[in-house]
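Here's the structure, in structure tokens; my notes come after.
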Amino acid sequence: MASSSPGDDNLLATGVCSPLARNKINLTFLNHAFLDQGASCITAFCTEGSAGRAAASLVEAQHGSAATVNLHGDVSILSVFPHDQRPQVPGVLLQALARKEITLQGMASSPSAVSALVSTAETEATIDTFFEAFTFPAYRSPSDWYGAYEGKEHLLKKIIASYQEKVIRIYDIVQQSDLDLWSLTVAQSDLGDLGAALITLGQSEMRMPFVIALPSLENRLSVSFCLPEGEEPQIREVFSSHLANTALRCHSQVAALYIHGPHFGDRYGIAHALAKALESKGIYLLALGCTVSSLSAIIKEVDLAAAVQTLEATFQRSGR
Amino acid sequence: MSKKYVLIVDDDPDLVETVSMMLEDKGYEVGKAYDGVEGEEAIKERHPDLLVLDVMMPRKDGYQLCAELKADSATKDIPVILLTAVGEAVPTTSYTHAQGMSTEAEEYIPKPVDSKTLVDAVESFFA
């Protein structure tokens, strides 16, 4: 995993995604978010371990001294699904990690899943703690799960980078409006409290279709998530009771766009195509999370129609 | 009239989610399973009116599950739409159309599949 903070611009397409796509490097995970009310932004991405150093060098070369690029080796992505937009799922996940003092290096949601980035050395402990925190109908124990996925990695590697159409074929573009984008920065030691806040929000039937977390300065995590608009007083009350000393920022009237399939990690250049298309129309990405088979982009609601139009022209939906 | 029950079995949870939302919007009841064994258990629990089945999955692939269902008198009448990741989109796969045809599924849709195409295919079974 590498992360960068490209000063005061928001050039995700040219600064990060373009050099990686040009060099046919597959991304298995990508997060992007504004910091400091838009004064700077931060990007975190994962590649296959063997491509990590090259990817970090490419991004560093693209930015020169304008950005900081940090390479974190040996990271694993673990996804739990389905979350059904329930804040309790990432909430329970965060509490489980906090209980075992496992460092969360990043987190992202797709329409179905919540993915956590942890050090490979802590993967086994993370799987164990997930089995303590969640019930998985298909697997009674971690050993059941390991048994099911034995050989799966080989199967996945066989199809990686095999989607080579000139115009990238996708399964669907889904839009969701009437959302607010919330953001805060927390220390690792606050993850349990953040989890408790999300669980409390979930208990009031609130839906959270988007959440990302990525490494920020001083070993903290920058966390962004979407909740329905019009709930600001309740949300602020919940967070003030769980994370009283944490500044919570709200960007109102945002919309989410989900681009689904093929598997995000199977095809280099998907994120680049999305970021380039939006940038070319002057549409700012307020936040981006890419994991499992989906890219989830948060934009201003006023840009939604133009964004859908440009993405429909950028990607080919098979069968249409 | 009771809702038709469609079971989706695919190890891509985002595809399951997207398609299930579209089917629920159209008035179907949707079950979800994420690999062949889980799908098999879901079928035992409740007989679906239609099965949407991916091919490449852990524990038990779609070809094997489809063949087993078609060989069992209790399940052979469940219509199956197979989602096949074969052909030019995935040239490195070892799965073939010939294998798919031998499972006697009612419909084959190559991946990547558009959600709308899949939903239309589901609707055509109940038209």
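By convention here, the chains of the structure tokens are called A, B, ... in the order presented, each chain's residues are numbered starting at 1, and ligands are numbered starting at 1 in the order presented.
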
Per residue of chain B within 6 Å of chain A, record the nearest atom pair and its distance in Å to one decimal, counting only C-alpha atoms, with rows in chain order and ascending residue number, as CSV.
```
residue,atom,partner,partner_atom,distance
B:Pro13,CA,A:Ser112,CA,5.8
B:Asp14,CA,A:Ser112,CA,5.1
B:Glu17,CA,A:Ser112,CA,5.8
B:Glu38,CA,A:Ala138,CA,5.9
B:Arg59,CA,A:Ala148,CA,5.4
B:Ala89,CA,A:Tyr163,CA,5.8
B:Val90,CA,A:Ser162,CA,5.5
B:Val113,CA,A:Tyr171,CA,5.7
B:Asp114,CA,A:Tyr171,CA,4.3
B:Ser115,CA,A:Tyr171,CA,5.8
```

Those selected residues, please, written with N, CA and C atoms and delivered as an mmCIF file, in the first residue's frame.
```
data_model
loop_
_atom_site.group_PDB
_atom_site.id
_atom_site.type_symbol
_atom_site.label_atom_id
_atom_site.label_comp_id
_atom_site.auth_asym_id
_atom_site.auth_seq_id
_atom_site.Cartn_x
_atom_site.Cartn_y
_atom_site.Cartn_z
ATOM 1 N N PRO B 13 -19.765 -10.383 -4.295
ATOM 2 C CA PRO B 13 -20.869 -9.875 -3.477
ATOM 3 C C PRO B 13 -21.489 -8.606 -4.040
ATOM 4 N N ASP B 14 -20.695 -7.802 -4.772
ATOM 5 C CA ASP B 14 -21.258 -6.575 -5.344
ATOM 6 C C ASP B 14 -22.243 -6.890 -6.463
ATOM 7 N N GLU B 17 -25.397 -8.007 -4.800
ATOM 8 C CA GLU B 17 -26.102 -6.880 -4.206
ATOM 9 C C GLU B 17 -26.825 -6.051 -5.271
ATOM 10 N N GLU B 38 -22.800 -22.929 -0.197
ATOM 11 C CA GLU B 38 -23.805 -22.079 0.450
ATOM 12 C C GLU B 38 -25.087 -22.068 -0.393
ATOM 13 N N ARG B 59 -15.189 -23.657 -3.219
ATOM 14 C CA ARG B 59 -15.829 -24.844 -2.614
ATOM 15 C C ARG B 59 -16.578 -25.709 -3.621
ATOM 16 N N ALA B 89 -13.622 -12.696 -23.193
ATOM 17 C CA ALA B 89 -13.461 -11.775 -22.063
ATOM 18 C C ALA B 89 -12.428 -12.290 -21.074
ATOM 19 N N VAL B 90 -12.362 -13.586 -20.905
ATOM 20 C CA VAL B 90 -11.397 -14.177 -19.973
ATOM 21 C C VAL B 90 -10.661 -15.305 -20.689
ATOM 22 N N VAL B 113 -21.533 -9.313 -17.227
ATOM 23 C CA VAL B 113 -22.958 -9.199 -17.569
ATOM 24 C C VAL B 113 -23.513 -7.898 -17.009
ATOM 25 N N ASP B 114 -24.244 -7.205 -17.845
ATOM 26 C CA ASP B 114 -24.929 -5.995 -17.429
ATOM 27 C C ASP B 114 -26.075 -6.387 -16.501
ATOM 28 N N SER B 115 -26.231 -5.658 -15.411
ATOM 29 C CA SER B 115 -27.286 -5.992 -14.446
ATOM 30 C C SER B 115 -28.651 -6.003 -15.110
#
```

(message) If DSSP is run on the backbone, what residues of chain B are helix (DSSP H, G or I)? A reply as a PyMOL selection string would be ideal.
(response) chain B and resi 13-25+36-45+62-71+87-89+97-102+115-126

Atoms to include: N, CA and C atoms. Write the selected residues as a compact mmCIF listing (two decimals), in the first residue's frame.
```
# COMPACT_ATOMS: atom_id res chain seq x y z
N PRO B 13 -19.77 -10.38 -4.30
CA PRO B 13 -20.87 -9.88 -3.48
C PRO B 13 -21.49 -8.61 -4.04
N ASP B 14 -20.70 -7.80 -4.77
CA ASP B 14 -21.26 -6.57 -5.34
C ASP B 14 -22.24 -6.89 -6.46
N LEU B 15 -21.95 -7.93 -7.25
CA LEU B 15 -22.90 -8.32 -8.29
C LEU B 15 -24.19 -8.82 -7.65
N VAL B 16 -24.05 -9.63 -6.62
CA VAL B 16 -25.23 -10.15 -5.92
C VAL B 16 -26.07 -8.98 -5.39
N GLU B 17 -25.40 -8.01 -4.80
CA GLU B 17 -26.10 -6.88 -4.21
C GLU B 17 -26.82 -6.05 -5.27
N THR B 18 -26.10 -5.72 -6.36
CA THR B 18 -26.69 -4.87 -7.40
C THR B 18 -27.89 -5.55 -8.03
N VAL B 19 -27.73 -6.81 -8.39
CA VAL B 19 -28.82 -7.52 -9.07
C VAL B 19 -29.99 -7.74 -8.11
N SER B 20 -29.69 -8.05 -6.85
CA SER B 20 -30.79 -8.31 -5.92
C SER B 20 -31.61 -7.03 -5.68
N MET B 21 -30.94 -5.89 -5.62
CA MET B 21 -31.69 -4.63 -5.44
C MET B 21 -32.63 -4.39 -6.62
N MET B 22 -32.11 -4.67 -7.83
CA MET B 22 -32.94 -4.44 -9.03
C MET B 22 -34.12 -5.41 -9.05
N LEU B 23 -33.87 -6.66 -8.66
CA LEU B 23 -34.96 -7.64 -8.66
C LEU B 23 -35.99 -7.33 -7.58
N GLU B 24 -35.51 -6.90 -6.41
CA GLU B 24 -36.45 -6.54 -5.33
C GLU B 24 -37.33 -5.37 -5.76
N ASP B 25 -36.71 -4.41 -6.48
CA ASP B 25 -37.49 -3.27 -7.00
C ASP B 25 -38.60 -3.74 -7.93
N GLY B 36 -20.80 -22.19 -4.04
CA GLY B 36 -21.63 -23.32 -4.44
C GLY B 36 -22.24 -24.08 -3.27
N VAL B 37 -21.46 -24.26 -2.22
CA VAL B 37 -21.96 -25.02 -1.07
C VAL B 37 -23.05 -24.24 -0.36
N GLU B 38 -22.80 -22.93 -0.20
CA GLU B 38 -23.80 -22.08 0.45
C GLU B 38 -25.09 -22.07 -0.39
N GLY B 39 -24.91 -22.05 -1.72
CA GLY B 39 -26.06 -22.08 -2.62
C GLY B 39 -26.84 -23.37 -2.47
N GLU B 40 -26.12 -24.47 -2.39
CA GLU B 40 -26.76 -25.78 -2.23
C GLU B 40 -27.58 -25.83 -0.94
N GLU B 41 -27.02 -25.27 0.14
CA GLU B 41 -27.74 -25.27 1.41
C GLU B 41 -28.97 -24.38 1.34
N ALA B 42 -28.83 -23.24 0.63
CA ALA B 42 -29.98 -22.32 0.49
C ALA B 42 -31.11 -22.98 -0.29
N ILE B 43 -30.75 -23.79 -1.29
CA ILE B 43 -31.78 -24.48 -2.09
C ILE B 43 -32.50 -25.53 -1.25
N LYS B 44 -31.75 -26.22 -0.38
CA LYS B 44 -32.37 -27.22 0.51
C LYS B 44 -33.35 -26.54 1.46
N GLU B 45 -32.96 -25.36 1.91
CA GLU B 45 -33.78 -24.63 2.87
C GLU B 45 -35.06 -24.12 2.22
N GLY B 62 -20.13 -23.51 -10.24
CA GLY B 62 -21.50 -23.48 -10.75
C GLY B 62 -21.83 -24.64 -11.65
N TYR B 63 -20.86 -25.10 -12.44
CA TYR B 63 -21.10 -26.25 -13.32
C TYR B 63 -21.45 -27.49 -12.50
N GLN B 64 -20.67 -27.69 -11.45
CA GLN B 64 -20.90 -28.90 -10.63
C GLN B 64 -22.26 -28.82 -9.93
N LEU B 65 -22.55 -27.65 -9.36
CA LEU B 65 -23.82 -27.51 -8.65
C LEU B 65 -25.00 -27.68 -9.61
N CYS B 66 -24.88 -27.07 -10.80
CA CYS B 66 -25.97 -27.16 -11.78
C CYS B 66 -26.18 -28.62 -12.20
N ALA B 67 -25.07 -29.31 -12.46
CA ALA B 67 -25.18 -30.71 -12.88
C ALA B 67 -25.84 -31.55 -11.79
N GLU B 68 -25.47 -31.30 -10.53
CA GLU B 68 -26.06 -32.06 -9.41
C GLU B 68 -27.56 -31.78 -9.29
N LEU B 69 -27.93 -30.51 -9.46
CA LEU B 69 -29.35 -30.15 -9.35
C LEU B 69 -30.16 -30.83 -10.45
N LYS B 70 -29.60 -30.84 -11.66
CA LYS B 70 -30.32 -31.41 -12.80
C LYS B 70 -30.40 -32.93 -12.71
N ALA B 71 -29.50 -33.54 -11.93
CA ALA B 71 -29.52 -34.99 -11.78
C ALA B 71 -30.42 -35.46 -10.64
N GLY B 87 -14.70 -17.60 -22.78
CA GLY B 87 -14.63 -16.94 -24.08
C GLY B 87 -13.64 -15.80 -24.08
N GLU B 88 -13.83 -14.84 -24.97
CA GLU B 88 -12.79 -13.84 -25.20
C GLU B 88 -12.59 -12.89 -24.02
N ALA B 89 -13.62 -12.70 -23.19
CA ALA B 89 -13.46 -11.78 -22.06
C ALA B 89 -12.43 -12.29 -21.07
N HIS B 97 -17.50 -23.36 -22.74
CA HIS B 97 -18.94 -23.39 -23.02
C HIS B 97 -19.43 -24.84 -23.07
N ALA B 98 -18.60 -25.73 -23.60
CA ALA B 98 -19.01 -27.13 -23.71
C ALA B 98 -19.36 -27.70 -22.34
N GLN B 99 -18.55 -27.36 -21.34
CA GLN B 99 -18.85 -27.81 -19.97
C GLN B 99 -20.20 -27.25 -19.53
N GLY B 100 -20.41 -25.97 -19.84
CA GLY B 100 -21.66 -25.32 -19.45
C GLY B 100 -22.85 -25.98 -20.09
N MET B 101 -22.75 -26.27 -21.38
CA MET B 101 -23.87 -26.89 -22.09
C MET B 101 -24.22 -28.25 -21.47
N SER B 102 -23.21 -28.97 -21.00
CA SER B 102 -23.45 -30.31 -20.47
C SER B 102 -24.20 -30.28 -19.15
N SER B 115 -26.23 -5.66 -15.41
CA SER B 115 -27.29 -5.99 -14.45
C SER B 115 -28.65 -6.00 -15.11
N LYS B 116 -28.88 -5.03 -16.01
CA LYS B 116 -30.19 -4.94 -16.66
C LYS B 116 -30.45 -6.17 -17.54
N THR B 117 -29.39 -6.62 -18.25
CA THR B 117 -29.53 -7.81 -19.09
C THR B 117 -29.93 -9.00 -18.24
N LEU B 118 -29.30 -9.11 -17.10
CA LEU B 118 -29.58 -10.23 -16.21
C LEU B 118 -31.00 -10.15 -15.66
N VAL B 119 -31.39 -8.95 -15.25
CA VAL B 119 -32.75 -8.79 -14.73
C VAL B 119 -33.77 -9.09 -15.83
N ASP B 120 -33.50 -8.64 -17.06
CA ASP B 120 -34.41 -8.93 -18.18
C ASP B 120 -34.51 -10.45 -18.39
N ALA B 121 -33.38 -11.13 -18.27
CA ALA B 121 -33.38 -12.59 -18.46
C ALA B 121 -34.23 -13.26 -17.38
N VAL B 122 -34.12 -12.76 -16.15
CA VAL B 122 -34.94 -13.31 -15.05
C VAL B 122 -36.41 -13.08 -15.35
N GLU B 123 -36.73 -11.86 -15.78
CA GLU B 123 -38.14 -11.52 -16.05
C GLU B 123 -38.71 -12.39 -17.17
N SER B 124 -37.87 -12.72 -18.15
CA SER B 124 -38.37 -13.49 -19.29
C SER B 124 -38.82 -14.89 -18.86
N PHE B 125 -38.26 -15.41 -17.76
CA PHE B 125 -38.68 -16.73 -17.28
C PHE B 125 -40.09 -16.71 -16.71
N PHE B 126 -40.50 -15.54 -16.22
CA PHE B 126 -41.80 -15.46 -15.56
C PHE B 126 -42.84 -14.73 -16.42
```

(message) Please list as a ChimeraX atom specification every residue within 7 Å of His272 (chain A), counting only C-alpha atoms and excluding residues in the same chain fewer than 2 positions away.
(response) /A:13,17-18,21,269-270,274-276

May I have a table of the residues of region 54-169 of chain A lying at most 12 Å from region 226-241 of chain A, giving each one's closest pair of atoms and their distance in Å to one decimal, counting only C-alpha atoms, ordered by chain and ascending residue number, as CSV?
```
residue,atom,partner,partner_atom,distance
A:Gln85,CA,A:Leu227,CA,9.7
A:Arg86,CA,A:Leu227,CA,10.5
A:Pro87,CA,A:Leu227,CA,9.3
A:Ser109,CA,A:Cys226,CA,10.8
```

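Coordinates place CA of Val9 (chain B) at a distance of 5.5 Å from CA of Tyr34 (chain B).
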
Please report, as an mmCIF file with N, CA and C atoms, in the first residue's frame, each residue of region 14-94 of chain B to which DSSP assigns strand (DSSP E or B) when run on this structure's backbone.
```
data_model
loop_
_atom_site.group_PDB
_atom_site.id
_atom_site.type_symbol
_atom_site.label_atom_id
_atom_site.label_comp_id
_atom_site.auth_asym_id
_atom_site.auth_seq_id
_atom_site.Cartn_x
_atom_site.Cartn_y
_atom_site.Cartn_z
ATOM 1 N N GLU B 29 -38.737 -11.732 -4.568
ATOM 2 C CA GLU B 29 -38.071 -12.014 -3.310
ATOM 3 C C GLU B 29 -36.714 -12.619 -3.675
ATOM 4 N N VAL B 30 -35.657 -12.160 -3.035
ATOM 5 C CA VAL B 30 -34.318 -12.575 -3.471
ATOM 6 C C VAL B 30 -33.553 -13.230 -2.334
ATOM 7 N N GLY B 31 -32.966 -14.379 -2.619
ATOM 8 C CA GLY B 31 -32.055 -15.023 -1.695
ATOM 9 C C GLY B 31 -30.634 -14.847 -2.199
ATOM 10 N N LYS B 32 -29.678 -14.832 -1.279
ATOM 11 C CA LYS B 32 -28.289 -14.603 -1.667
ATOM 12 C C LYS B 32 -27.401 -15.704 -1.100
ATOM 13 N N ALA B 33 -26.492 -16.173 -1.927
ATOM 14 C CA ALA B 33 -25.478 -17.115 -1.450
ATOM 15 C C ALA B 33 -24.184 -16.801 -2.190
ATOM 16 N N LEU B 50 -36.313 -19.682 -9.398
ATOM 17 C CA LEU B 50 -35.276 -19.500 -10.423
ATOM 18 C C LEU B 50 -33.925 -19.363 -9.720
ATOM 19 N N LEU B 51 -32.908 -19.940 -10.346
ATOM 20 C CA LEU B 51 -31.562 -19.876 -9.769
ATOM 21 C C LEU B 51 -30.640 -19.147 -10.732
ATOM 22 N N VAL B 52 -29.952 -18.117 -10.233
ATOM 23 C CA VAL B 52 -28.912 -17.438 -11.020
ATOM 24 C C VAL B 52 -27.585 -17.900 -10.447
ATOM 25 N N LEU B 53 -26.766 -18.523 -11.281
ATOM 26 C CA LEU B 53 -25.608 -19.264 -10.771
ATOM 27 C C LEU B 53 -24.328 -18.869 -11.494
ATOM 28 N N ASP B 54 -23.363 -18.408 -10.731
ATOM 29 C CA ASP B 54 -22.043 -18.101 -11.293
ATOM 30 C C ASP B 54 -21.291 -19.417 -11.532
ATOM 31 N N VAL B 80 -32.310 -22.623 -14.335
ATOM 32 C CA VAL B 80 -30.996 -22.097 -13.954
ATOM 33 C C VAL B 80 -30.473 -21.155 -15.042
ATOM 34 N N ILE B 81 -30.059 -19.974 -14.622
ATOM 35 C CA ILE B 81 -29.301 -19.079 -15.514
ATOM 36 C C ILE B 81 -27.846 -19.155 -15.073
ATOM 37 N N LEU B 82 -26.986 -19.614 -15.959
ATOM 38 C CA LEU B 82 -25.559 -19.715 -15.633
ATOM 39 C C LEU B 82 -24.840 -18.453 -16.105
ATOM 40 N N LEU B 83 -24.025 -17.884 -15.232
ATOM 41 C CA LEU B 83 -23.201 -16.739 -15.612
ATOM 42 C C LEU B 83 -21.805 -17.271 -15.935
ATOM 43 N N THR B 84 -21.450 -17.265 -17.194
ATOM 44 C CA THR B 84 -20.223 -17.937 -17.601
ATOM 45 C C THR B 84 -19.111 -16.952 -17.910
#
```

Tell me which protein, DNA and RNA residues are within 9 Å of Gln175 (chain A), counting only C-alpha atoms, leaving out same-chain ones fewer than 5 positions away, and put them as a PDB file with C-alpha atoms, in the first residue's frame.
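What follows is the written file selection_0.pdb:
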```pdb
ATOM      1  CA  ALA A 255     -24.339  12.183  -4.243  1.00  0.00           C
ATOM      2  CA  ALA A 256     -22.762   8.751  -4.635  1.00  0.00           C
ATOM      3  CA  LEU A 257     -22.013   6.971  -7.883  1.00  0.00           C
ATOM      4  CA  TYR A 258     -21.199   3.293  -7.863  1.00  0.00           C
ATOM      5  CA  ILE A 259     -19.507   1.689 -10.846  1.00  0.00           C
ATOM      6  CA  LEU A 304     -24.629  14.252 -10.573  1.00  0.00           C
ATOM      7  CA  VAL A 308     -23.504  10.110 -14.982  1.00  0.00           C
TER       8      VAL A 308
END
```

(message) One decimal, in Å: what's the spacing between CA of Lys60 (chain B) and CA of Arg267 (chain A)?
(response) 25.1 Å

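Put simply, CA of Glu106 (chain B) is 22.2 Å away from CA of Gly27 (chain B).
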
(message) List the spatial neighbours of Ser224 (chain A) as a VMD selection string - criterion: any atom at most 12 Å away, only C-alpha atoms, same-chain residues fewer than 6 positions off excluded.
(response) chain A and resid 31 to 35 42 106 to 109 180 to 186 194 208 to 215 248 to 251 286 to 289 297 to 298

Any chance you can output those residues with C-alpha atoms as a PDB file, in the first residue's frame?
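Contents of out_21.pdb, freshly written:
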```
ATOM      1  CA  ASN A  31      -9.146   5.446  -1.464  1.00  0.00           C
ATOM      2  CA  HIS A  32      -9.070   9.177  -2.021  1.00  0.00           C
ATOM      3  CA  ALA A  33     -10.303  12.008   0.201  1.00  0.00           C
ATOM      4  CA  PHE A  34      -9.978  15.692   0.880  1.00  0.00           C
ATOM      5  CA  LEU A  35      -8.294  16.879   4.024  1.00  0.00           C
ATOM      6  CA  ILE A  42      -4.745  12.103   0.354  1.00  0.00           C
ATOM      7  CA  GLY A 106      -7.308   1.586   5.735  1.00  0.00           C
ATOM      8  CA  MET A 107     -10.946   0.757   5.150  1.00  0.00           C
ATOM      9  CA  ALA A 108     -13.380   1.051   2.235  1.00  0.00           C
ATOM     10  CA  SER A 109     -16.895   0.026   1.422  1.00  0.00           C
ATOM     11  CA  ASP A 180     -24.203  14.281   3.394  1.00  0.00           C
ATOM     12  CA  LEU A 181     -20.480  13.500   3.463  1.00  0.00           C
ATOM     13  CA  TRP A 182     -19.000  13.478   6.950  1.00  0.00           C
ATOM     14  CA  SER A 183     -15.304  13.432   7.782  1.00  0.00           C
ATOM     15  CA  LEU A 184     -13.092  13.311  10.814  1.00  0.00           C
ATOM     16  CA  THR A 185      -9.578  12.336  11.811  1.00  0.00           C
ATOM     17  CA  VAL A 186      -9.040   9.819  14.575  1.00  0.00           C
ATOM     18  CA  LEU A 194     -15.774   5.495  16.392  1.00  0.00           C
ATOM     19  CA  MET A 208     -24.523   4.430   5.614  1.00  0.00           C
ATOM     20  CA  PRO A 209     -23.830   3.597   1.953  1.00  0.00           C
ATOM     21  CA  PHE A 210     -20.206   4.751   1.904  1.00  0.00           C
ATOM     22  CA  VAL A 211     -17.255   4.708   4.272  1.00  0.00           C
ATOM     23  CA  ILE A 212     -13.511   5.022   3.767  1.00  0.00           C
ATOM     24  CA  ALA A 213     -10.524   5.380   6.083  1.00  0.00           C
ATOM     25  CA  LEU A 214      -6.995   6.114   5.011  1.00  0.00           C
ATOM     26  CA  PRO A 215      -3.689   6.911   6.659  1.00  0.00           C
ATOM     27  CA  LEU A 248     -16.603  16.487  12.711  1.00  0.00           C
ATOM     28  CA  ARG A 249     -17.031  18.156   9.329  1.00  0.00           C
ATOM     29  CA  CYS A 250     -20.084  17.877   7.128  1.00  0.00           C
ATOM     30  CA  HIS A 251     -20.240  18.468   3.381  1.00  0.00           C
ATOM     31  CA  LEU A 286     -14.958  14.691  -2.887  1.00  0.00           C
ATOM     32  CA  ALA A 287     -14.105  11.119  -1.933  1.00  0.00           C
ATOM     33  CA  LEU A 288     -13.481   7.828  -3.664  1.00  0.00           C
ATOM     34  CA  GLY A 289     -13.418   4.278  -2.396  1.00  0.00           C
ATOM     35  CA  ALA A 297     -17.388   8.068  -6.017  1.00  0.00           C
ATOM     36  CA  ILE A 298     -18.760  10.928  -3.928  1.00  0.00           C
TER      37      ILE A 298
END
```
